[in-house]
Structures are given as structure tokens and as C-alpha cells.
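Q: Pasting input27.pdb here (PDB, C-alpha atoms):
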```
ATOM      1  CA  GLY A  10      23.395   7.794  -1.863
ATOM      2  CA  HIS A  11      21.703  10.609   0.040
ATOM      3  CA  TRP A  12      18.908  12.383  -1.800
ATOM      4  CA  SER A  13      16.768  15.352  -0.853
ATOM      5  CA  LEU A  14      13.133  16.346  -1.414
ATOM      6  CA  GLU A  15      13.790  20.080  -1.151
ATOM      7  CA  ALA A  16      12.700  20.593  -4.772
ATOM      8  CA  LEU A  17       9.272  19.172  -3.903
ATOM      9  CA  SER A  18       8.776  21.164  -0.713
ATOM     10  CA  VAL A  19       5.850  23.588  -0.468
ATOM     11  CA  ASP A  20       5.179  26.472   1.903
ATOM     12  CA  PRO A  21       3.255  25.477   5.046
ATOM     13  CA  ILE A  22      -0.434  26.401   5.284
ATOM     14  CA  HIS A  23      -1.091  28.550   8.348
ATOM     15  CA  ILE A  24      -4.457  28.153  10.093
ATOM     16  CA  GLY A  25      -4.318  30.441  13.085
ATOM     17  CA  SER A  26      -1.291  29.392  15.140
ATOM     18  CA  VAL A  27      -1.129  25.957  13.457
ATOM     19  CA  ALA A  28       1.166  25.392  10.458
ATOM     20  CA  ILE A  29       0.297  22.442   8.198
ATOM     21  CA  ASP A  30       3.228  21.276   6.065
ATOM     22  CA  LEU A  31       2.050  19.316   3.007
ATOM     23  CA  SER A  32       5.536  18.812   1.578
ATOM     24  CA  PRO A  33       5.899  15.191   0.398
ATOM     25  CA  THR A  34       8.144  12.942   2.465
ATOM     26  CA  ARG A  35      10.271  10.115   1.057
ATOM     27  CA  HIS A  36       7.543   7.661   2.061
ATOM     28  CA  VAL A  37       4.880   9.634   0.206
ATOM     29  CA  VAL A  38       7.041   9.709  -2.925
ATOM     30  CA  VAL A  39       7.557   5.931  -2.771
ATOM     31  CA  MET A  40       3.824   5.322  -2.194
ATOM     32  CA  VAL A  41       2.963   7.400  -5.270
ATOM     33  CA  LEU A  42       5.658   5.601  -7.262
ATOM     34  CA  VAL A  43       4.295   2.187  -6.239
ATOM     35  CA  ALA A  44       0.766   3.297  -7.153
ATOM     36  CA  VAL A  45       1.933   4.511 -10.594
ATOM     37  CA  LEU A  46       3.822   1.249 -11.189
ATOM     38  CA  MET A  47       0.697  -0.729 -10.243
ATOM     39  CA  LEU A  48      -1.408   1.265 -12.714
ATOM     40  CA  ALA A  49       1.233   0.919 -15.439
ATOM     41  CA  THR A  50       1.356  -2.856 -14.873
ATOM     42  CA  PHE A  51      -2.234  -3.881 -14.231
ATOM     43  CA  VAL A  52      -4.253  -1.558 -16.477
ATOM     44  CA  PRO A  53      -2.600  -2.925 -19.679
ATOM     45  CA  LEU A  54      -2.872  -6.481 -18.276
ATOM     46  CA  ALA A  55      -6.579  -5.980 -17.632
ATOM     47  CA  GLY A  56      -6.979  -4.811 -21.223
ATOM     48  CA  THR A  57      -5.144  -7.894 -22.487
ATOM     49  CA  LEU A  58      -7.310 -10.251 -20.430
ATOM     50  CA  ARG A  59     -10.484  -8.464 -21.512
ATOM     51  CA  LYS A  60      -9.571  -8.791 -25.210
ATOM     52  CA  LYS A  61      -8.777 -12.496 -24.921
ATOM     53  CA  GLY A  62     -12.005 -13.267 -23.056
ATOM     54  CA  ASN A  63     -12.693 -16.725 -21.655
ATOM     55  CA  GLU A  64     -12.225 -18.722 -24.848
ATOM     56  CA  LYS A  65      -8.428 -18.516 -24.952
ATOM     57  CA  ALA A  66      -5.929 -18.857 -22.103
ATOM     58  CA  PRO A  67      -3.556 -15.873 -21.774
ATOM     59  CA  ASN A  68       0.212 -16.265 -21.877
ATOM     60  CA  GLY A  69       3.197 -14.623 -20.253
ATOM     61  CA  PRO A  70       2.554 -11.922 -17.612
ATOM     62  CA  ALA A  71      -1.195 -11.985 -18.294
ATOM     63  CA  ASN A  72      -1.277 -15.682 -17.392
ATOM     64  CA  ALA A  73       0.568 -15.058 -14.103
ATOM     65  CA  ALA A  74      -1.750 -12.125 -13.292
ATOM     66  CA  GLU A  75      -4.845 -14.205 -14.022
ATOM     67  CA  ALA A  76      -3.569 -17.034 -11.803
ATOM     68  CA  MET A  77      -2.956 -14.568  -8.946
ATOM     69  CA  ILE A  78      -6.379 -12.934  -9.352
ATOM     70  CA  VAL A  79      -8.181 -16.291  -9.458
ATOM     71  CA  TYR A  80      -6.270 -17.469  -6.368
ATOM     72  CA  PHE A  81      -7.236 -14.399  -4.326
ATOM     73  CA  ARG A  82     -10.825 -14.601  -5.553
ATOM     74  CA  ASP A  83     -11.239 -18.296  -4.723
ATOM     75  CA  GLU A  84      -8.894 -18.991  -1.800
ATOM     76  CA  VAL A  85      -8.903 -15.631  -0.001
ATOM     77  CA  GLY A  86     -12.135 -13.840  -0.886
ATOM     78  CA  ARG A  87     -14.690 -16.596  -1.387
ATOM     79  CA  VAL A  88     -13.309 -18.843   1.367
ATOM     80  CA  ASN A  89     -13.340 -16.096   4.032
ATOM     81  CA  ILE A  90     -16.095 -13.738   2.917
ATOM     82  CA  GLY A  91     -18.495 -16.172   1.263
ATOM     83  CA  HIS A  92     -21.579 -14.625  -0.330
ATOM     84  CA  GLY A  93     -20.764 -11.447  -2.269
ATOM     85  CA  ALA A  94     -17.008 -12.060  -2.038
ATOM     86  CA  ASP A  95     -16.328 -11.218  -5.697
ATOM     87  CA  ALA A  96     -17.266  -7.572  -5.073
ATOM     88  CA  PHE A  97     -14.374  -7.313  -2.583
ATOM     89  CA  THR A  98     -11.757  -9.102  -4.710
ATOM     90  CA  PRO A  99     -10.496  -5.875  -6.404
ATOM     91  CA  PHE A 100     -10.023  -4.240  -2.998
ATOM     92  CA  ILE A 101      -8.225  -7.279  -1.538
ATOM     93  CA  LEU A 102      -5.936  -7.483  -4.583
ATOM     94  CA  THR A 103      -5.198  -3.744  -4.435
ATOM     95  CA  ILE A 104      -4.298  -3.968  -0.748
ATOM     96  CA  PHE A 105      -2.016  -6.956  -1.390
ATOM     97  CA  PHE A 106      -0.069  -5.504  -4.314
ATOM     98  CA  PHE A 107       0.169  -2.011  -2.809
ATOM     99  CA  VAL A 108       1.571  -3.326   0.491
ATOM    100  CA  LEU A 109       3.829  -5.784  -1.369
ATOM    101  CA  GLY A 110       5.206  -3.011  -3.579
ATOM    102  CA  MET A 111       6.028  -0.818  -0.579
ATOM    103  CA  ASN A 112       7.584  -3.744   1.292
ATOM    104  CA  LEU A 113       9.788  -4.681  -1.666
ATOM    105  CA  PHE A 114      10.911  -1.082  -2.172
ATOM    106  CA  GLY A 115      12.491  -1.260   1.269
ATOM    107  CA  LEU A 116      14.796  -4.020   0.023
ATOM    108  CA  THR A 117      16.218  -1.866  -2.794
ATOM    109  CA  PRO A 118      19.409   0.194  -2.290
ATOM    110  CA  LEU A 119      17.181   3.216  -1.560
ATOM    111  CA  GLY A 120      16.093   1.454   1.641
ATOM    112  CA  ILE A 121      12.853   3.447   1.931
ATOM    113  CA  THR A 122      10.052   1.360   3.450
ATOM    114  CA  PRO A 123       6.753   3.243   3.829
ATOM    115  CA  THR A 124       5.261   0.279   5.717
ATOM    116  CA  ALA A 125       7.839   0.836   8.471
ATOM    117  CA  ASN A 126       6.045   4.133   9.149
ATOM    118  CA  VAL A 127       3.149   3.898  11.610
ATOM    119  CA  SER A 128       1.274   6.679   9.783
ATOM    120  CA  VAL A 129       1.236   4.579   6.596
ATOM    121  CA  THR A 130       0.194   1.305   8.223
ATOM    122  CA  ALA A 131      -2.431   3.118  10.320
ATOM    123  CA  ALA A 132      -3.891   4.777   7.200
ATOM    124  CA  LEU A 133      -4.051   1.408   5.417
ATOM    125  CA  ALA A 134      -5.696  -0.160   8.466
ATOM    126  CA  ILE A 135      -8.256   2.661   8.688
ATOM    127  CA  VAL A 136      -9.177   2.178   5.019
ATOM    128  CA  SER A 137      -9.652  -1.550   5.678
ATOM    129  CA  PHE A 138     -11.657  -0.758   8.831
ATOM    130  CA  ILE A 139     -14.025   1.509   6.876
ATOM    131  CA  VAL A 140     -14.563  -1.185   4.228
ATOM    132  CA  ILE A 141     -15.101  -3.853   6.921
ATOM    133  CA  GLU A 142     -17.676  -1.807   8.845
ATOM    134  CA  ILE A 143     -19.543  -0.594   5.759
ATOM    135  CA  ALA A 144     -19.670  -4.166   4.453
ATOM    136  CA  GLY A 145     -21.124  -5.287   7.800
ATOM    137  CA  PHE A 146     -23.682  -2.475   7.847
ATOM    138  CA  VAL A 147     -24.824  -3.155   4.246
ATOM    139  CA  SER A 148     -25.014  -6.909   4.815
ATOM    140  CA  LEU A 149     -26.704  -6.888   8.248
ATOM    141  CA  GLY A 150     -28.779  -3.714   8.003
ATOM    142  CA  PRO A 151     -29.015  -1.054  10.727
ATOM    143  CA  VAL A 152     -30.613  -3.364  13.329
ATOM    144  CA  GLY A 153     -28.307  -6.311  12.651
ATOM    145  CA  TYR A 154     -25.236  -4.062  12.671
ATOM    146  CA  ALA A 155     -26.305  -2.466  15.965
ATOM    147  CA  LYS A 156     -26.433  -5.963  17.485
ATOM    148  CA  THR A 157     -22.719  -6.401  16.721
ATOM    149  CA  ILE A 158     -22.080  -3.493  19.132
ATOM    150  CA  PHE A 159     -24.925  -3.828  21.640
ATOM    151  CA  TYR A 160     -24.619  -7.597  21.945
ATOM    152  CA  LEU A 161     -26.817  -9.685  24.249
ATOM    153  CA  PRO A 162     -26.595 -13.491  24.483
ATOM    154  CA  LYS A 163     -29.916 -15.261  23.994
ATOM    155  CA  GLY A 164     -31.875 -16.530  27.006
ATOM    156  CA  LEU A 165     -30.720 -13.894  29.503
ATOM    157  CA  PRO A 166     -33.140 -12.961  32.337
ATOM    158  CA  VAL A 167     -34.625  -9.457  31.976
ATOM    159  CA  LEU A 168     -32.786  -8.139  35.057
ATOM    160  CA  MET A 169     -29.425  -9.324  33.731
ATOM    161  CA  ARG A 170     -29.774  -7.680  30.314
ATOM    162  CA  PRO A 171     -28.800  -4.101  31.311
ATOM    163  CA  ILE A 172     -25.821  -5.429  33.302
ATOM    164  CA  MET A 173     -24.567  -7.639  30.461
ATOM    165  CA  LEU A 174     -25.170  -4.851  27.956
ATOM    166  CA  GLY A 175     -23.029  -2.528  30.057
ATOM    167  CA  ILE A 176     -20.230  -5.104  30.153
ATOM    168  CA  LEU A 177     -20.355  -6.435  26.583
ATOM    169  CA  THR A 178     -20.835  -3.159  24.673
ATOM    170  CA  PRO A 179     -17.363  -1.769  25.573
ATOM    171  CA  VAL A 180     -15.864  -5.202  24.851
ATOM    172  CA  GLU A 181     -17.476  -5.284  21.381
ATOM    173  CA  LEU A 182     -16.322  -1.732  20.637
ATOM    174  CA  ILE A 183     -12.773  -2.604  21.725
ATOM    175  CA  GLY A 184     -12.968  -5.661  19.456
ATOM    176  CA  LYS A 185     -13.844  -3.459  16.479
ATOM    177  CA  VAL A 186     -10.970  -1.034  17.172
ATOM    178  CA  ALA A 187      -8.542  -3.905  17.858
ATOM    179  CA  LYS A 188      -8.881  -5.209  14.269
ATOM    180  CA  PRO A 189      -7.332  -2.214  12.470
ATOM    181  CA  PHE A 190      -4.866  -1.747  15.365
ATOM    182  CA  ALA A 191      -3.662  -5.340  14.900
ATOM    183  CA  LEU A 192      -3.355  -4.855  11.128
ATOM    184  CA  ALA A 193      -1.324  -1.650  11.530
ATOM    185  CA  VAL A 194       1.005  -2.838  14.295
ATOM    186  CA  ARG A 195       1.683  -6.287  12.811
ATOM    187  CA  LEU A 196       2.802  -4.839   9.466
ATOM    188  CA  LEU A 197       4.790  -2.028  11.100
ATOM    189  CA  ALA A 198       6.592  -4.318  13.559
ATOM    190  CA  ASN A 199       7.531  -6.946  10.992
ATOM    191  CA  MET A 200       8.865  -4.452   8.462
ATOM    192  CA  THR A 201      10.790  -2.497  11.097
ATOM    193  CA  ALA A 202      12.301  -5.488  12.905
ATOM    194  CA  GLY A 203      14.136  -7.014   9.952
ATOM    195  CA  HIS A 204      15.589  -3.701   8.789
ATOM    196  CA  THR A 205      16.721  -2.852  12.314
ATOM    197  CA  LEU A 206      18.452  -6.219  12.704
ATOM    198  CA  ILE A 207      20.332  -5.783   9.408
ATOM    199  CA  LEU A 208      21.431  -2.270  10.442
ATOM    200  CA  LEU A 209      22.637  -3.608  13.814
ATOM    201  CA  LEU A 210      24.685  -6.313  12.071
ATOM    202  CA  MET A 211      26.200  -3.801   9.670
ATOM    203  CA  GLY A 212      27.019  -1.551  12.604
ATOM    204  CA  ALA A 213      29.139  -4.340  14.099
ATOM    205  CA  ILE A 214      31.587  -3.967  11.183
ATOM    206  CA  PHE A 215      32.291  -0.331  12.091
ATOM    207  CA  VAL A 216      32.376  -0.956  15.838
ATOM    208  CA  LEU A 217      34.671  -4.024  15.796
ATOM    209  CA  GLN A 218      36.639  -3.050  12.648
ATOM    210  CA  SER A 219      37.589  -6.605  11.810
ATOM    211  CA  TYR A 220      37.807  -8.251   8.376
ATOM    212  CA  LEU A 221      36.653 -11.558   9.865
ATOM    213  CA  VAL A 222      33.624  -9.921  11.462
ATOM    214  CA  GLY A 223      32.943  -8.101   8.194
ATOM    215  CA  VAL A 224      32.812 -11.321   6.180
ATOM    216  CA  ALA A 225      30.625 -13.023   8.797
ATOM    217  CA  VAL A 226      28.252 -10.045   9.037
ATOM    218  CA  VAL A 227      27.860  -9.761   5.257
ATOM    219  CA  GLY A 228      27.032 -13.477   5.130
ATOM    220  CA  MET A 229      24.440 -13.183   7.897
ATOM    221  CA  ALA A 230      22.977 -10.002   6.382
ATOM    222  CA  SER A 231      22.635 -11.739   3.003
ATOM    223  CA  VAL A 232      20.672 -14.568   4.618
ATOM    224  CA  LEU A 233      18.516 -12.018   6.457
ATOM    225  CA  MET A 234      17.808 -10.180   3.188
ATOM    226  CA  ILE A 235      16.461 -13.424   1.703
ATOM    227  CA  LEU A 236      14.325 -13.851   4.830
ATOM    228  CA  GLU A 237      13.193 -10.212   4.490
ATOM    229  CA  LEU A 238      12.061 -10.931   0.926
ATOM    230  CA  PHE A 239       9.907 -13.765   2.239
ATOM    231  CA  VAL A 240       8.576 -11.582   5.086
ATOM    232  CA  ALA A 241       7.751  -8.774   2.620
ATOM    233  CA  CYS A 242       5.551 -11.145   0.605
ATOM    234  CA  LEU A 243       4.108 -12.861   3.678
ATOM    235  CA  GLN A 244       3.094  -9.649   5.458
ATOM    236  CA  ALA A 245       1.351  -8.313   2.346
ATOM    237  CA  TYR A 246      -0.546 -11.597   2.088
ATOM    238  CA  ILE A 247      -1.440 -11.585   5.808
ATOM    239  CA  PHE A 248      -2.738  -7.996   5.600
ATOM    240  CA  ALA A 249      -4.971  -8.911   2.646
ATOM    241  CA  MET A 250      -6.019 -12.228   4.206
ATOM    242  CA  LEU A 251      -6.971 -10.719   7.581
ATOM    243  CA  THR A 252      -8.884  -7.905   5.872
ATOM    244  CA  SER A 253     -10.979 -10.511   4.054
ATOM    245  CA  VAL A 254     -11.449 -12.490   7.311
ATOM    246  CA  PHE A 255     -12.659  -9.353   9.128
ATOM    247  CA  ILE A 256     -15.021  -8.508   6.263
TER     248      ILE A 256
END
```
Take the structure from the file and write it as C-alpha cells.
A:
Amino acid sequence: GHWSLEALSVDPIHIGSVAIDLSPTRHVVVMVLVAVLMLATFVPLAGTLRKKGNEKAPNGPANAAEAMIVYFRDEVGRVNIGHGADAFTPFILTIFFFVLGMNLFGLTPLGITPTANVSVTAALAIVSFIVIEIAGFVSLGPVGYAKTIFYLPKGLPVLMRPIMLGILTPVELIGKVAKPFALAVRLLANMTAGHTLILLLMGAIFVLQSYLVGVAVVGMASVLMILELFVACLQAYIFAMLTSVFI
């Protein structure tokens, strides 16, 4: 049913002629809820794994969590990042489960999907971008990192270097900005498209007002919801995978 956030609203902050409203939206509430659920799930699991150590295999949820962590460490982090990958595994796992939790929330009767909001996907992409660029700067050093922006192919004649530098520097900068843009738009588009299609199908019931159409639409929507479940998992994985590739 319809629910309101009026109880959580706060008075806007006025800075000159600009009013900044920090009242939480439905998406903010769901993001906080997902974060709390992640903490409630993984902090106890981490404690369980730590107590067991390496000498005894865990069971139940701890076993599933360990399998997931090892998979991301070995097949996502180490394969794509290589040296020093283990330091990024917690970040990659956090990104995956946080995005997955928000995606799955959109499939509940509440129907609130924070990842269908460009502000949310852009913020996630910016966080990934900061980690990617800092990782590059730390790994390459100031001179090596500068070469990723002011790039010159080897063996160029002296006269051609300023010309190529003028051409390639904007291209390299665009390439850096394109990475978080691609992350944000891909997640946004995929999470919005499926929900929109389901809403369009459901709308056909009210427009055509036919029992036959109703049965057919419910059947198609059910199949789409199963597909949406797959897409929710896939897009979380792709976001985490591409972040590790860019790192």
C-alpha cells in the first residue's frame, strides 16, 4: 500500500536564497535498511569464520558466505586486479552485496528500487571511480599516473609530440570519465527497463479490461519477474566485476 515519509521529514536548511532539504526519500530509507541488513548478516558471519579458523570447514550460512568470498577473491579480484588484489576484495564484495540488496528490494511488494535512481547509481559509480583512480595513483606513482592522462606513444618524432599530446590527453580524460558513466548508466537502465515493462503489461489489464488479457498479462509478468531476479543478480555482479577490471 501507499506509505509516507512525513514523520521523517526535517526542515530545509536555508543558505542565502538556496534551500537544502535533507529529508530522507524512500530510496534513502531502503539504502539504509539494506546497509543495516548487510551489517546484521555479515558481521556475525565474520565472527563465526574467525572463531573456526582454517582448521575446520564452516557449515550452513557461514559455508555459503565463505564460498562467495573465496570466489570473488580468486575469480574476480585476483584474476582482474592481480598483484595486491586481496586488499580490494572487501570493497568489491561490499559493492556487490549492496547493489544486489537494493536490486532485490525492488522485486518486493514495496517496489522501491534505489538503483533505478540516477543519483544512487551515479554516487556508487563515483565511489568506484575514486577507488580506481587512487589505486592507480598509489600503484603507478605520480609520474606513472600522469602518463595515463598525458599519454604519448613511444618512438614519436619530437615535432609530433605536442600535436599527439593535444589530441590524446582529452581522449584519455574522456576515457577516465566514461568508466563511472558506463557503470552508472548500465545499472540504471537495466533496473529501470524491466520495471517499466512490467508496469506497461499491468497497465494493459486496465486499458483493455479483459479477463483473457488479464490472465495472459499475469503469466507474462510472472515470467518477467523471474527474469528480473536474474537481472538483479547479474547487474550487481557486473558492477563489481567491472569495478575490479577498471582497478
Q: Could you tell me, as a VMD selection string, exactly which residues end up selected when the PyMOL selection byres ((chain A and resi 158-167) around 7) is applied to this structure?
A: chain A and resid 155 to 157 168 to 170 173 to 174 177 to 178 181 to 182
Q: Fewer than 4 positions away in the same chain doesn't count, so skip those; otherwise give me all residues within 8 Å of Ala131 in chain A, counting all atoms listed in the file, as a list in words.
A: Val127, Ile135, Pro189, Phe190, Ala193 and Val194 of chain A
Q: Can you give me, as a VMD selection string, the residues this file yields under the PyMOL selection byres ((chain A and resi 245) around 8)?
A: chain A and resid 104 to 106 108 to 109 112 241 to 244 246 to 249
Q: Could you list the residues chosen by the PyMOL selection byres ((chain A and resi 95) around 12) in this structure as a PDB file with C-alpha atoms, keeping the file's coordinate frame?
A:
```
ATOM      1  CA  ILE A  78      -6.379 -12.934  -9.352  1.00  0.00           C
ATOM      2  CA  VAL A  79      -8.181 -16.291  -9.458  1.00  0.00           C
ATOM      3  CA  TYR A  80      -6.270 -17.469  -6.368  1.00  0.00           C
ATOM      4  CA  PHE A  81      -7.236 -14.399  -4.326  1.00  0.00           C
ATOM      5  CA  ARG A  82     -10.825 -14.601  -5.553  1.00  0.00           C
ATOM      6  CA  ASP A  83     -11.239 -18.296  -4.723  1.00  0.00           C
ATOM      7  CA  GLU A  84      -8.894 -18.991  -1.800  1.00  0.00           C
ATOM      8  CA  VAL A  85      -8.903 -15.631  -0.001  1.00  0.00           C
ATOM      9  CA  GLY A  86     -12.135 -13.840  -0.886  1.00  0.00           C
ATOM     10  CA  ARG A  87     -14.690 -16.596  -1.387  1.00  0.00           C
ATOM     11  CA  VAL A  88     -13.309 -18.843   1.367  1.00  0.00           C
ATOM     12  CA  ASN A  89     -13.340 -16.096   4.032  1.00  0.00           C
ATOM     13  CA  ILE A  90     -16.095 -13.738   2.917  1.00  0.00           C
ATOM     14  CA  GLY A  91     -18.495 -16.172   1.263  1.00  0.00           C
ATOM     15  CA  HIS A  92     -21.579 -14.625  -0.330  1.00  0.00           C
ATOM     16  CA  GLY A  93     -20.764 -11.447  -2.269  1.00  0.00           C
ATOM     17  CA  ALA A  94     -17.008 -12.060  -2.038  1.00  0.00           C
ATOM     18  CA  ALA A  96     -17.266  -7.572  -5.073  1.00  0.00           C
ATOM     19  CA  PHE A  97     -14.374  -7.313  -2.583  1.00  0.00           C
ATOM     20  CA  THR A  98     -11.757  -9.102  -4.710  1.00  0.00           C
ATOM     21  CA  PRO A  99     -10.496  -5.875  -6.404  1.00  0.00           C
ATOM     22  CA  PHE A 100     -10.023  -4.240  -2.998  1.00  0.00           C
ATOM     23  CA  ILE A 101      -8.225  -7.279  -1.538  1.00  0.00           C
ATOM     24  CA  LEU A 102      -5.936  -7.483  -4.583  1.00  0.00           C
ATOM     25  CA  SER A 253     -10.979 -10.511   4.054  1.00  0.00           C
TER      26      SER A 253
END
```
Q: Record the distance separating CA of Val43 in chain A and CA of Thr117 in chain A, expressed in Å with one decimal.
A: 13.1 Å
Q: Would you please work out which residue, of A:Leu251, A:Ile24, A:Val224, A:Ile29, is nearest to Ala134 in chain A when using all atoms listed in the file?
A: A:Leu251
Q: Quick one, how far is CA of Val186 in chain A from CA of Asn126 in chain A?
A: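 About the pair CA of Val186 in chain A and CA of Asn126 in chain A: they are 19.5 Å apart.
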Q: Can you work out which one of A:Leu221, A:Ala28, A:Ala44, A:Lys185 has the shortest atom-to-atom distance to Gly145 in chain A, counting all atoms listed in the file?
A: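 For Gly145 in chain A, the nearest of the candidates is A:Lys185.
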Q: How big is the axis-aligned box around all listed atoms of range 198-209 of chain A once 5 Å goes on each side, and where's its centre, in Å to one decimal, as AutoDock Vina command-line options?
A:
```
--center_x 14.6 --center_y -4.6 --center_z 11.1 --size_x 26.0 --size_y 14.7 --size_z 15.4
```
Q: Using all atoms listed in the file, determine which residues lie at most 8 Å from Val226 in chain A, disregarding the query and same-chain residues fewer than 5 positions distant; provide the list as a list of chain:residue names.
A: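 In the requested format, the answer is A:Leu210, A:Met211, A:Ala213, A:Ile214.
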